[in-house]
>>> print(open('protein.cif').read())   # mmCIF, C-alpha atoms
data_start
loop_
_atom_site.group_PDB
_atom_site.id
_atom_site.type_symbol
_atom_site.label_atom_id
_atom_site.label_comp_id
_atom_site.auth_asym_id
_atom_site.auth_seq_id
_atom_site.Cartn_x
_atom_site.Cartn_y
_atom_site.Cartn_z
ATOM 1 C CA MET T 1 79.027 108.515 78.162
ATOM 2 C CA LYS T 2 76.165 109.066 80.584
ATOM 3 C CA LYS T 3 75.857 105.317 81.154
ATOM 4 C CA ASP T 4 79.593 105.006 81.896
ATOM 5 C CA PHE T 5 79.432 107.902 84.330
ATOM 6 C CA PHE T 6 76.434 106.360 86.080
ATOM 7 C CA THR T 7 78.219 103.009 86.424
ATOM 8 C CA ILE T 8 81.281 104.563 88.032
ATOM 9 C CA LYS T 9 79.134 106.765 90.244
ATOM 10 C CA THR T 10 77.111 103.745 91.387
ATOM 11 C CA LEU T 11 80.218 101.720 92.201
ATOM 12 C CA LEU T 12 81.615 104.577 94.220
ATOM 13 C CA ALA T 13 78.368 104.819 96.140
ATOM 14 C CA ILE T 14 78.345 101.076 96.820
ATOM 15 C CA PHE T 15 81.800 101.032 98.264
ATOM 16 C CA LEU T 16 81.638 104.347 100.168
ATOM 17 C CA LEU T 17 85.250 104.878 99.444
ATOM 18 C CA SER T 18 88.067 106.842 100.946
ATOM 19 C CA SER T 19 86.303 110.213 101.029
ATOM 20 C CA ILE T 20 84.550 109.158 104.242
ATOM 21 C CA THR T 21 87.725 108.150 106.039
ATOM 22 C CA VAL T 22 87.789 110.270 109.177
ATOM 23 C CA HIS T 23 91.481 110.131 110.021
ATOM 24 C CA ALA T 24 94.648 109.826 107.922
ATOM 25 C CA GLN T 25 95.836 106.846 109.993
ATOM 26 C CA TYR T 26 92.768 104.801 109.133
ATOM 27 C CA LEU T 27 92.712 102.310 106.282
ATOM 28 C CA SER T 28 90.734 103.287 103.211
ATOM 29 C CA GLU T 29 89.952 101.697 99.856
ATOM 30 C CA SER T 30 89.901 103.570 96.580
ATOM 31 C CA TYR T 31 88.002 102.118 93.617
ATOM 32 C CA ASN T 32 90.320 101.142 90.769
ATOM 33 C CA MET T 33 88.512 99.022 88.174
ATOM 34 C CA SER T 34 85.855 96.369 87.585
ATOM 35 C CA LYS T 35 86.161 93.008 85.850
ATOM 36 C CA TYR T 36 83.950 90.045 84.937
ATOM 37 C CA ASN T 37 80.793 91.996 84.089
ATOM 38 C CA ASN T 38 81.077 94.110 87.236
ATOM 39 C CA SER T 39 81.151 91.014 89.456
ATOM 40 C CA ALA T 40 84.757 91.678 90.515
ATOM 41 C CA HIS T 41 85.973 95.063 91.731
ATOM 42 C CA ILE T 42 89.602 95.937 92.412
ATOM 43 C CA CYS T 43 90.442 98.643 94.938
ATOM 44 C CA THR T 44 93.709 100.164 96.108
ATOM 45 C CA ILE T 45 94.292 100.014 99.869
ATOM 46 C CA TYR T 46 95.749 103.025 101.652
ATOM 47 C CA TYR T 47 96.952 103.067 105.243
ATOM 48 C CA SER T 48 98.325 106.283 106.726
ATOM 49 C CA GLY T 49 98.206 107.661 103.204
ATOM 50 C CA ILE T 50 100.536 104.930 101.845
ATOM 51 C CA ASN T 51 99.592 102.354 99.202
ATOM 52 C CA TYR T 52 99.565 99.005 101.026
ATOM 53 C CA GLY T 53 98.169 96.759 98.286
ATOM 54 C CA ASN T 54 94.797 95.831 96.851
ATOM 55 C CA SER T 55 91.435 94.399 97.732
ATOM 56 C CA ILE T 56 89.457 92.263 95.299
ATOM 57 C CA TRP T 57 85.706 92.371 95.889
ATOM 58 C CA LEU T 58 83.927 89.332 94.428
ATOM 59 C CA SER T 59 80.146 89.645 94.365
ATOM 60 C CA ARG T 60 78.070 86.505 94.867
ATOM 61 C CA LYS T 61 74.903 88.221 93.655
ATOM 62 C CA SER T 62 74.900 86.779 90.129
ATOM 63 C CA GLY T 63 75.932 83.302 91.238
ATOM 64 C CA LYS T 64 78.620 83.298 88.557
ATOM 65 C CA ILE T 65 81.631 83.712 90.850
ATOM 66 C CA LYS T 66 82.486 80.471 92.607
ATOM 67 C CA ALA T 67 85.212 79.048 94.831
ATOM 68 C CA LYS T 68 87.197 75.813 94.709
ATOM 69 C CA TYR T 69 89.863 74.436 97.053
ATOM 70 C CA PHE T 70 92.681 71.967 96.423
ATOM 71 C CA ALA T 71 94.952 70.255 98.942
ATOM 72 C CA TYR T 72 97.903 67.895 98.683
ATOM 73 C CA LYS T 73 96.948 64.235 98.493
ATOM 74 C CA GLY T 74 99.328 61.363 97.851
ATOM 75 C CA THR T 75 101.130 61.387 94.535
ATOM 76 C CA THR T 76 98.954 64.003 92.821
ATOM 77 C CA SER T 77 100.335 67.471 93.476
ATOM 78 C CA VAL T 78 98.099 70.480 93.980
ATOM 79 C CA ALA T 79 99.450 72.025 90.768
ATOM 80 C CA GLU T 80 98.563 68.863 88.834
ATOM 81 C CA GLN T 81 95.061 68.789 90.332
ATOM 82 C CA TYR T 82 94.510 72.443 89.535
ATOM 83 C CA ASN T 83 95.888 72.307 85.984
ATOM 84 C CA GLU T 84 93.647 69.374 85.130
ATOM 85 C CA TRP T 85 90.554 70.930 86.692
ATOM 86 C CA LYS T 86 90.969 74.441 85.202
ATOM 87 C CA LYS T 87 90.599 73.301 81.578
ATOM 88 C CA GLY T 88 87.750 75.231 79.992
ATOM 89 C CA LYS T 89 87.261 77.423 83.072
ATOM 90 C CA GLN T 90 87.678 81.166 83.453
ATOM 91 C CA ILE T 91 89.984 81.624 86.435
ATOM 92 C CA ILE T 92 89.753 84.885 88.373
ATOM 93 C CA LEU T 93 92.459 84.240 90.956
ATOM 94 C CA TYR T 94 94.175 81.635 93.083
ATOM 95 C CA CYS T 95 96.106 81.902 96.329
ATOM 96 C CA SER T 96 97.509 79.779 99.127
ATOM 97 C CA GLY T 97 95.013 78.993 101.855
ATOM 98 C CA ALA T 98 95.963 76.987 104.947
ATOM 99 C CA TYR T 99 99.346 76.996 106.660
ATOM 100 C CA THR T 100 101.677 74.150 105.719
ATOM 101 C CA THR T 101 104.007 71.905 107.696
ATOM 102 C CA GLU T 102 107.652 72.703 106.998
ATOM 103 C CA TYR T 103 108.964 69.299 105.926
ATOM 104 C CA ASP T 104 106.143 67.234 104.426
ATOM 105 C CA ALA T 105 104.101 70.083 102.883
ATOM 106 C CA ILE T 106 100.790 69.017 104.422
ATOM 107 C CA PRO T 107 98.231 71.695 105.347
ATOM 108 C CA VAL T 108 98.045 72.325 109.099
ATOM 109 C CA GLY T 109 94.758 71.446 110.808
ATOM 110 C CA LEU T 110 91.735 69.516 109.610
ATOM 111 C CA THR T 111 91.943 69.394 105.818
ATOM 112 C CA ILE T 112 89.641 67.482 103.465
ATOM 113 C CA ASN T 113 89.822 67.626 99.677
ATOM 114 C CA ASP T 114 86.575 66.585 97.935
ATOM 115 C CA GLY T 115 85.900 64.092 100.695
ATOM 116 C CA ASN T 116 89.469 62.774 100.797
ATOM 117 C CA VAL T 117 91.097 63.365 104.184
ATOM 118 C CA VAL T 118 94.450 65.114 103.781
ATOM 119 C CA ASN T 119 94.966 65.856 107.484
ATOM 120 C CA ARG T 120 92.495 64.603 110.101
ATOM 121 C CA LYS T 121 94.235 66.269 113.061
ATOM 122 C CA VAL T 122 92.091 69.191 114.215
ATOM 123 C CA ASP T 123 94.299 72.084 115.326
ATOM 124 C CA THR T 124 93.501 73.236 118.870
ATOM 125 C CA LYS T 125 94.586 76.854 118.345
ATOM 126 C CA MET T 126 93.005 77.815 115.023
ATOM 127 C CA ASP T 127 89.353 78.777 115.450
ATOM 128 C CA GLY T 128 88.359 79.090 111.794
ATOM 129 C CA LEU T 129 86.926 76.127 109.887
ATOM 130 C CA VAL T 130 86.357 76.882 106.206
ATOM 131 C CA VAL T 131 83.996 74.768 104.101
ATOM 132 C CA VAL T 132 84.194 75.293 100.339
ATOM 133 C CA GLU T 133 80.939 73.937 98.968
ATOM 134 C CA ALA T 134 80.551 71.948 95.769
ATOM 135 C CA ILE T 135 78.259 74.674 94.377
ATOM 136 C CA GLY T 136 81.043 77.230 94.805
ATOM 137 C CA GLY T 137 80.058 78.899 98.062
ATOM 138 C CA VAL T 138 82.203 79.337 101.161
ATOM 139 C CA ARG T 139 81.162 78.927 104.798
ATOM 140 C CA ILE T 140 83.259 79.991 107.781
ATOM 141 C CA ALA T 141 82.549 78.256 111.097
ATOM 142 C CA ASN T 142 83.719 79.342 114.547
ATOM 143 C CA LEU T 143 85.243 76.430 116.460
ATOM 144 C CA ARG T 144 84.874 78.312 119.739
ATOM 145 C CA GLU T 145 81.140 77.725 119.476
ATOM 146 C CA THR T 146 79.711 74.474 120.818
ATOM 147 C CA ASN T 147 77.476 74.129 117.775
ATOM 148 C CA ALA T 148 80.036 75.301 115.250
ATOM 149 C CA ILE T 149 78.539 74.045 112.017
ATOM 150 C CA TYR T 150 75.105 72.711 111.092
ATOM 151 C CA LEU T 151 74.977 69.551 108.959
ATOM 152 C CA GLN T 152 71.559 69.322 107.389
ATOM 153 C CA SER T 153 71.855 65.643 106.471
ATOM 154 C CA LEU T 154 72.501 64.774 110.133
ATOM 155 C CA GLY T 155 69.915 67.229 111.408
ATOM 156 C CA LYS T 156 72.272 68.700 114.000
ATOM 157 C CA SER T 157 75.220 70.990 114.646
ATOM 158 C CA VAL T 158 78.687 69.635 115.404
ATOM 159 C CA ASN T 159 82.083 70.877 116.551
ATOM 160 C CA PRO T 160 84.856 68.610 115.181
ATOM 161 C CA ARG T 161 87.454 70.167 117.485
ATOM 162 C CA ASN T 162 85.825 69.799 120.891
ATOM 163 C CA ASN T 163 83.994 66.497 120.565
ATOM 164 C CA PRO T 164 85.644 63.266 119.270
ATOM 165 C CA THR T 165 82.257 61.876 118.240
ATOM 166 C CA HIS T 166 81.567 65.040 116.295
ATOM 167 C CA THR T 167 84.988 64.754 114.644
ATOM 168 C CA ASN T 168 84.182 61.293 113.299
ATOM 169 C CA GLU T 169 80.685 62.360 112.249
ATOM 170 C CA PHE T 170 82.008 65.425 110.461
ATOM 171 C CA ILE T 171 84.691 63.484 108.565
ATOM 172 C CA ALA T 172 82.128 60.815 107.600
ATOM 173 C CA TRP T 173 79.799 63.574 106.386
ATOM 174 C CA ALA T 174 82.630 65.138 104.355
ATOM 175 C CA LYS T 175 83.359 61.797 102.685
ATOM 176 C CA ASP T 176 79.669 61.208 101.881
ATOM 177 C CA TYR T 177 79.212 64.671 100.384
ATOM 178 C CA SER T 178 82.687 65.160 98.862
ATOM 179 C CA ALA T 179 83.153 68.210 101.059
ATOM 180 C CA THR T 180 86.241 70.389 101.004
ATOM 181 C CA VAL T 181 87.499 71.772 104.314
ATOM 182 C CA PHE T 182 90.506 73.579 105.773
ATOM 183 C CA GLN T 183 91.418 75.240 109.062
ATOM 184 C CA THR T 184 92.981 78.645 109.680
ATOM 185 C CA ASN T 185 93.078 81.595 112.083
ATOM 186 C CA LEU T 186 89.714 83.215 112.682
ATOM 187 C CA LEU T 187 90.073 86.987 113.018
ATOM 188 C CA TYR T 188 86.461 88.206 113.104
ATOM 189 C CA PHE T 189 83.173 86.331 113.248
ATOM 190 C CA LYS T 190 79.753 87.969 113.138
ATOM 191 C CA ASN T 191 81.318 91.395 113.703
ATOM 192 C CA THR T 192 83.199 90.187 116.795
ATOM 193 C CA LYS T 193 86.983 90.054 117.188
ATOM 194 C CA TYR T 194 88.471 86.597 117.805
ATOM 195 C CA PHE T 195 92.230 87.062 118.063
ATOM 196 C CA SER T 196 94.826 88.387 120.464
ATOM 197 C CA TYR T 197 97.510 90.976 119.799
ATOM 198 C CA VAL T 198 100.002 89.843 117.146
ATOM 199 C CA PRO T 199 103.041 92.207 117.191
ATOM 200 C CA ALA T 200 105.051 90.597 114.383
ATOM 201 C CA SER T 201 105.014 92.321 111.005
ATOM 202 C CA ALA T 202 104.837 90.428 107.720
ATOM 203 C CA GLU T 203 103.074 90.404 104.375
ATOM 204 C CA ARG T 204 99.381 89.608 104.843
ATOM 205 C CA ARG T 205 96.489 88.145 102.900
ATOM 206 C CA LEU T 206 92.996 87.929 104.352
ATOM 207 C CA LEU T 207 89.653 86.606 103.163
ATOM 208 C CA VAL T 208 86.521 88.393 104.346
ATOM 209 C CA LEU T 209 82.900 87.353 103.845
ATOM 210 C CA ALA T 210 80.791 90.484 104.253
ATOM 211 C CA THR T 211 77.269 91.619 103.401
ATOM 212 C CA ASN T 212 76.208 95.097 102.366
ATOM 213 C CA LYS T 213 73.508 96.075 104.874
ATOM 214 C CA ASN T 214 71.893 98.423 102.348
ATOM 215 C CA ASN T 215 71.088 95.796 99.716
ATOM 216 C CA ASN T 216 72.022 92.463 101.358
ATOM 217 C CA GLU T 217 74.641 91.726 98.679
ATOM 218 C CA LEU T 218 77.292 89.201 99.759
ATOM 219 C CA TYR T 219 80.951 89.765 98.874
ATOM 220 C CA HIS T 220 84.009 87.587 99.191
ATOM 221 C CA ILE T 221 86.879 90.048 99.603
ATOM 222 C CA ILE T 222 90.554 89.158 99.234
ATOM 223 C CA TYR T 223 92.898 91.659 100.883
ATOM 224 C CA ASN T 224 96.377 91.323 99.400
ATOM 225 C CA ILE T 225 98.904 93.262 101.513
ATOM 226 C CA PRO T 226 102.478 92.858 100.161
ATOM 227 C CA LYS T 227 103.862 95.371 102.689
ATOM 228 C CA SER T 228 105.029 94.189 106.107
ATOM 229 C CA VAL T 229 102.371 94.982 108.712
ATOM 230 C CA SER T 230 101.057 93.671 112.033
ATOM 231 C CA LEU T 231 98.174 91.229 111.614
ATOM 232 C CA THR T 232 96.402 92.922 114.516
ATOM 233 C CA ILE T 233 96.610 96.360 112.944
ATOM 234 C CA ILE T 234 95.543 95.363 109.444
ATOM 235 C CA ALA T 235 92.687 93.126 110.606
ATOM 236 C CA GLU T 236 91.307 95.807 112.914
ATOM 237 C CA GLN T 237 91.638 98.490 110.232
ATOM 238 C CA ILE T 238 89.892 96.340 107.622
ATOM 239 C CA PHE T 239 87.043 95.581 109.998
ATOM 240 C CA TYR T 240 86.698 99.231 111.018
ATOM 241 C CA ASN T 241 86.551 100.341 107.390
ATOM 242 C CA LEU T 242 84.009 97.693 106.400
ATOM 243 C CA TYR T 243 81.740 97.916 109.413
ATOM 244 C CA TYR T 244 81.747 101.624 110.194
ATOM 245 C CA ASN T 245 82.634 103.273 106.882
ATOM 246 C CA MET T 246 81.039 100.939 104.358
ATOM 247 C CA ASN T 247 78.044 99.693 106.368
ATOM 248 C CA MET T 248 79.003 96.037 105.932
ATOM 249 C CA ASP T 249 78.277 93.107 108.238
ATOM 250 C CA VAL T 250 81.419 90.974 108.560
ATOM 251 C CA THR T 251 80.292 87.364 108.677
ATOM 252 C CA GLY T 252 83.855 86.100 108.882
ATOM 253 C CA MET T 253 87.456 87.211 108.429
ATOM 254 C CA ILE T 254 90.249 84.635 108.163
ATOM 255 C CA ASN T 255 94.007 84.682 107.665
ATOM 256 C CA LEU T 256 95.508 83.095 104.529
ATOM 257 C CA ASP T 257 99.075 81.809 104.370
ATOM 258 C CA THR T 258 101.774 84.201 103.175
ATOM 259 C CA GLY T 259 104.753 82.192 104.423
ATOM 260 C CA ALA T 260 107.199 80.014 102.500
ATOM 261 C CA ARG T 261 104.433 78.986 100.072
ATOM 262 C CA ASP T 262 102.965 82.430 99.478
ATOM 263 C CA ILE T 263 101.169 81.967 96.154
ATOM 264 C CA PHE T 264 98.829 84.482 94.560
ATOM 265 C CA GLN T 265 97.787 85.338 91.018
ATOM 266 C CA MET T 266 94.868 87.233 89.483
ATOM 267 C CA TYR T 267 93.775 87.149 85.835
ATOM 268 C CA ASP T 268 91.741 89.488 83.664
ATOM 269 C CA GLU T 269 88.748 88.376 81.582
ATOM 270 C CA TYR T 270 91.056 87.378 78.725
ATOM 271 C CA GLY T 271 93.137 84.984 80.807
ATOM 272 C CA LYS T 272 96.118 87.331 81.056
ATOM 273 C CA THR T 273 97.980 87.611 84.339
ATOM 274 C CA MET T 274 97.649 90.887 86.217
ATOM 275 C CA ASP T 275 101.275 91.214 87.246
ATOM 276 C CA TYR T 276 100.732 93.693 90.075
ATOM 277 C CA LEU T 277 98.381 91.134 91.668
ATOM 278 C CA LYS T 278 100.931 88.359 91.946
ATOM 279 C CA GLY T 279 102.626 86.597 94.868
ATOM 280 C CA PRO T 280 106.339 85.762 95.221
ATOM 281 C CA HIS T 281 106.169 81.982 94.728
ATOM 282 C CA ASP T 282 105.266 79.676 91.872
ATOM 283 C CA LEU T 283 102.137 77.537 91.707
ATOM 284 C CA ASN T 284 104.237 74.372 91.464
ATOM 285 C CA ILE T 285 105.168 74.479 95.162
ATOM 286 C CA ALA T 286 101.562 74.803 96.362
ATOM 287 C CA SER T 287 100.473 72.439 99.139
ATOM 288 C CA ASN T 288 96.931 73.825 99.017
ATOM 289 C CA LEU T 289 95.137 76.361 96.865
ATOM 290 C CA LEU T 290 92.005 78.505 97.101
ATOM 291 C CA VAL T 291 90.640 79.344 93.655
ATOM 292 C CA TYR T 292 87.914 81.720 92.460
ATOM 293 C CA TYR T 293 86.498 81.342 88.971
ATOM 294 C CA TYR T 294 83.753 82.817 86.785
ATOM 295 C CA GLU T 295 81.147 80.482 85.313
#
>>> encode(input="protein.cif", output="structure tokens")
Amino acid sequence: MKKDFFTIKTLLAIFLLSSITVHAQYLSESYNMSKYNNSAHICTIYYSGINYGNSIWLSRKSGKIKAKYFAYKGTTSVAEQYNEWKKGKQIILYCSGAYTTEYDAIPVGLTINDGNVVNRKVDTKMDGLVVVEAIGGVRIANLRETNAIYLQSLGKSVNPRNNPTHTNEFIAWAKDYSATVFQTNLLYFKNTKYFSYVPASAERRLLVLATNKNNNELYHIIYNIPKSVSLTIIAEQIFYNLYYNMNMDVTGMINLDTGARDIFQMYDEYGKTMDYLKGPHDLNIASNLLVYYYE
């Protein structure tokens, strides 16, 4: 009993939860439960005292939680790719990633699937470039920066959006190293805001890479907001809560698609679906998919 109490007490201390929220209109997160040997923590999100959804905190400390990305390519659907790959794996969750074109279901912006180019057109408006590494890590690059992403094999930094030579070099690098890449809206980068006011309200899903400044532990955090809310409001509230209340450095915050192909599902350790952590659309219509798994 003492051990259980200590575990809960420690988790509450790590997350610095809603008790430190200084105003009822601020977003707060209340610890709910842990999964996968305490590597995944589920919290309930409150905004203005109302339950707005959940956050899933995935710790990279143990190295057991990893990411994988799939995108549409030719005749092999994303669902087929995923179902073949997942055999023998312990899936934590999957969700839609990049935006998708309306008619041909191709992810918008530069998209590369294990070195195979799905869409080579770099979007000029989306500042976030996401690289899902073969070892299961995730990097977020800022395409507003001249030297957006460092490629060790080339010994230099490139920006595939602003320099045509860099675009070709980056795609060639992705093919050589079977890299996986997609583009999306960049909301925060290195604790700095990178978006303008977005008045429209809709369901939201965000991915945040953040580090606990107390112990340097890196988290990938999925914010699943099924209620209709302004992107500006929810992004600012999430950042405020992480940076000021929880003492986290926000390396990057990106927007994930919750449009016509809004797909989301989380599983427990036994492979059972957690039905309150589920999106409105079926996996079979996915044009791209971000997956987290436990290995």
>>> resolve_selection(input="protein.cif", expression="the PyMOL selection byres ((chain T and resi 280-289) around 7)", output="PyMOL selection string")
chain T and resi 69-72+78-79+94-98+100+105-107+261-263+278-279+290-291
>>> resolve_selection(input="protein.cif", expression="the PyMOL selection byres ((chain T and resi 166-170) around 10)", output="ChimeraX atom specification")
/T:110,120-122,149,151,154,157-165,171-176,179
>>> resolve_selection(input="protein.cif", expression="the PyMOL selection byres ((chain T and resi 222) around 7)", output="list in words")
Ser55, Ile56, Trp57, Leu206, Leu207, Val208, His220, Ile221, Tyr223 and Asn224 of chain T
>>> atom_distance(input="protein.cif", atom1="atom CA of T:Lys227", atom2="atom CA of T:Ile42")
17.6 Å
>>> closest_residue(input="protein.cif", among="T:Asn191, T:Gln265, T:Ser34, T:Thr44", to="T:Glu236", atoms="all atoms listed in the file")
T:Asn191
>>> residues_around(input="protein.cif", residues="T:Arg205", least_positions_apart="6", cutoff="9 Å", atoms="all atoms listed in the file", output="list in words")
Ile222, Tyr223, Asn224, Ile225, Pro226, Ile254, Asn255, Leu256, Asp257 and Thr258 of chain T
>>> residues_around(input="protein.cif", residues="stretch 210-216 of chain T", least_positions_apart="4", cutoff="12 Å", atoms="all atoms listed in the file", output="PDB file with C-alpha atoms, keeping the file's coordinate frame")
ATOM      1  CA  ALA T  13      78.368 104.819  96.140  1.00  0.00           C
ATOM      2  CA  ILE T  14      78.345 101.076  96.820  1.00  0.00           C
ATOM      3  CA  PHE T  15      81.800 101.032  98.264  1.00  0.00           C
ATOM      4  CA  LEU T  16      81.638 104.347 100.168  1.00  0.00           C
ATOM      5  CA  TRP T  57      85.706  92.371  95.889  1.00  0.00           C
ATOM      6  CA  LEU T  58      83.927  89.332  94.428  1.00  0.00           C
ATOM      7  CA  SER T  59      80.146  89.645  94.365  1.00  0.00           C
ATOM      8  CA  ARG T  60      78.070  86.505  94.867  1.00  0.00           C
ATOM      9  CA  LYS T  61      74.903  88.221  93.655  1.00  0.00           C
ATOM     10  CA  VAL T 138      82.203  79.337 101.161  1.00  0.00           C
ATOM     11  CA  ARG T 139      81.162  78.927 104.798  1.00  0.00           C
ATOM     12  CA  ILE T 140      83.259  79.991 107.781  1.00  0.00           C
ATOM     13  CA  TYR T 188      86.461  88.206 113.104  1.00  0.00           C
ATOM     14  CA  PHE T 189      83.173  86.331 113.248  1.00  0.00           C
ATOM     15  CA  LYS T 190      79.753  87.969 113.138  1.00  0.00           C
ATOM     16  CA  ASN T 191      81.318  91.395 113.703  1.00  0.00           C
ATOM     17  CA  HIS T 220      84.009  87.587  99.191  1.00  0.00           C
ATOM     18  CA  ILE T 221      86.879  90.048  99.603  1.00  0.00           C
ATOM     19  CA  ILE T 222      90.554  89.158  99.234  1.00  0.00           C
ATOM     20  CA  ILE T 238      89.892  96.340 107.622  1.00  0.00           C
ATOM     21  CA  PHE T 239      87.043  95.581 109.998  1.00  0.00           C
ATOM     22  CA  ASN T 241      86.551 100.341 107.390  1.00  0.00           C
ATOM     23  CA  LEU T 242      84.009  97.693 106.400  1.00  0.00           C
ATOM     24  CA  TYR T 243      81.740  97.916 109.413  1.00  0.00           C
ATOM     25  CA  TYR T 244      81.747 101.624 110.194  1.00  0.00           C
ATOM     26  CA  ASN T 245      82.634 103.273 106.882  1.00  0.00           C
ATOM     27  CA  MET T 246      81.039 100.939 104.358  1.00  0.00           C
ATOM     28  CA  ASN T 247      78.044  99.693 106.368  1.00  0.00           C
ATOM     29  CA  MET T 248      79.003  96.037 105.932  1.00  0.00           C
ATOM     30  CA  ASP T 249      78.277  93.107 108.238  1.00  0.00           C
ATOM     31  CA  VAL T 250      81.419  90.974 108.560  1.00  0.00           C
ATOM     32  CA  THR T 251      80.292  87.364 108.677  1.00  0.00           C
ATOM     33  CA  GLY T 252      83.855  86.100 108.882  1.00  0.00           C
ATOM     34  CA  MET T 253      87.456  87.211 108.429  1.00  0.00           C
ATOM     35  CA  ILE T 254      90.249  84.635 108.163  1.00  0.00           C
TER      36      ILE T 254
END
>>> closest_residue(input="protein.cif", among="T:Tyr177, T:Ser77, T:Met266, T:Val118", to="T:Gln152", atoms="only C-alpha atoms")
T:Tyr177
>>> axis_aligned_box(input="protein.cif", around="stretch 36-39 of chain T", padding_each_side="4 Å", output="AutoDock Vina command-line options")
--center_x 82.4 --center_y 92.1 --center_z 86.8 --size_x 11.2 --size_y 12.1 --size_z 13.4
>>> atom_distance(input="protein.cif", atom1="atom CA of T:Asp275", atom2="atom CA of T:Ser48")
24.8 Å
>>> residues_around(input="protein.cif", residues="T:Ala200", least_positions_apart="2", cutoff="8 Å", atoms="all atoms listed in the file", output="number ranges by chain")
T: 198, 202, 229-231
>>> residues_around(input="protein.cif", residues="T:Lys66", least_positions_apart="5", cutoff="8 Å", atoms="all atoms listed in the file", output="list in words")
Arg60, Ile135, Gly136, Gly137, Tyr292, Tyr293, Tyr294 and Glu295 of chain T
>>> atom_distance(input="protein.cif", atom1="atom CA of T:Arg204", atom2="atom CA of T:Met33")
22.0 Å
>>> closest_residue(input="protein.cif", among="T:Tyr26, T:Phe264, T:Tyr36, T:Tyr194", to="T:Leu93", atoms="all atoms listed in the file")
T:Phe264
>>> closest_residue(input="protein.cif", among="T:Ser196, T:Gln90, T:Asn119, T:Asn54", to="T:Gly74", atoms="all atoms listed in the file")
T:Asn119
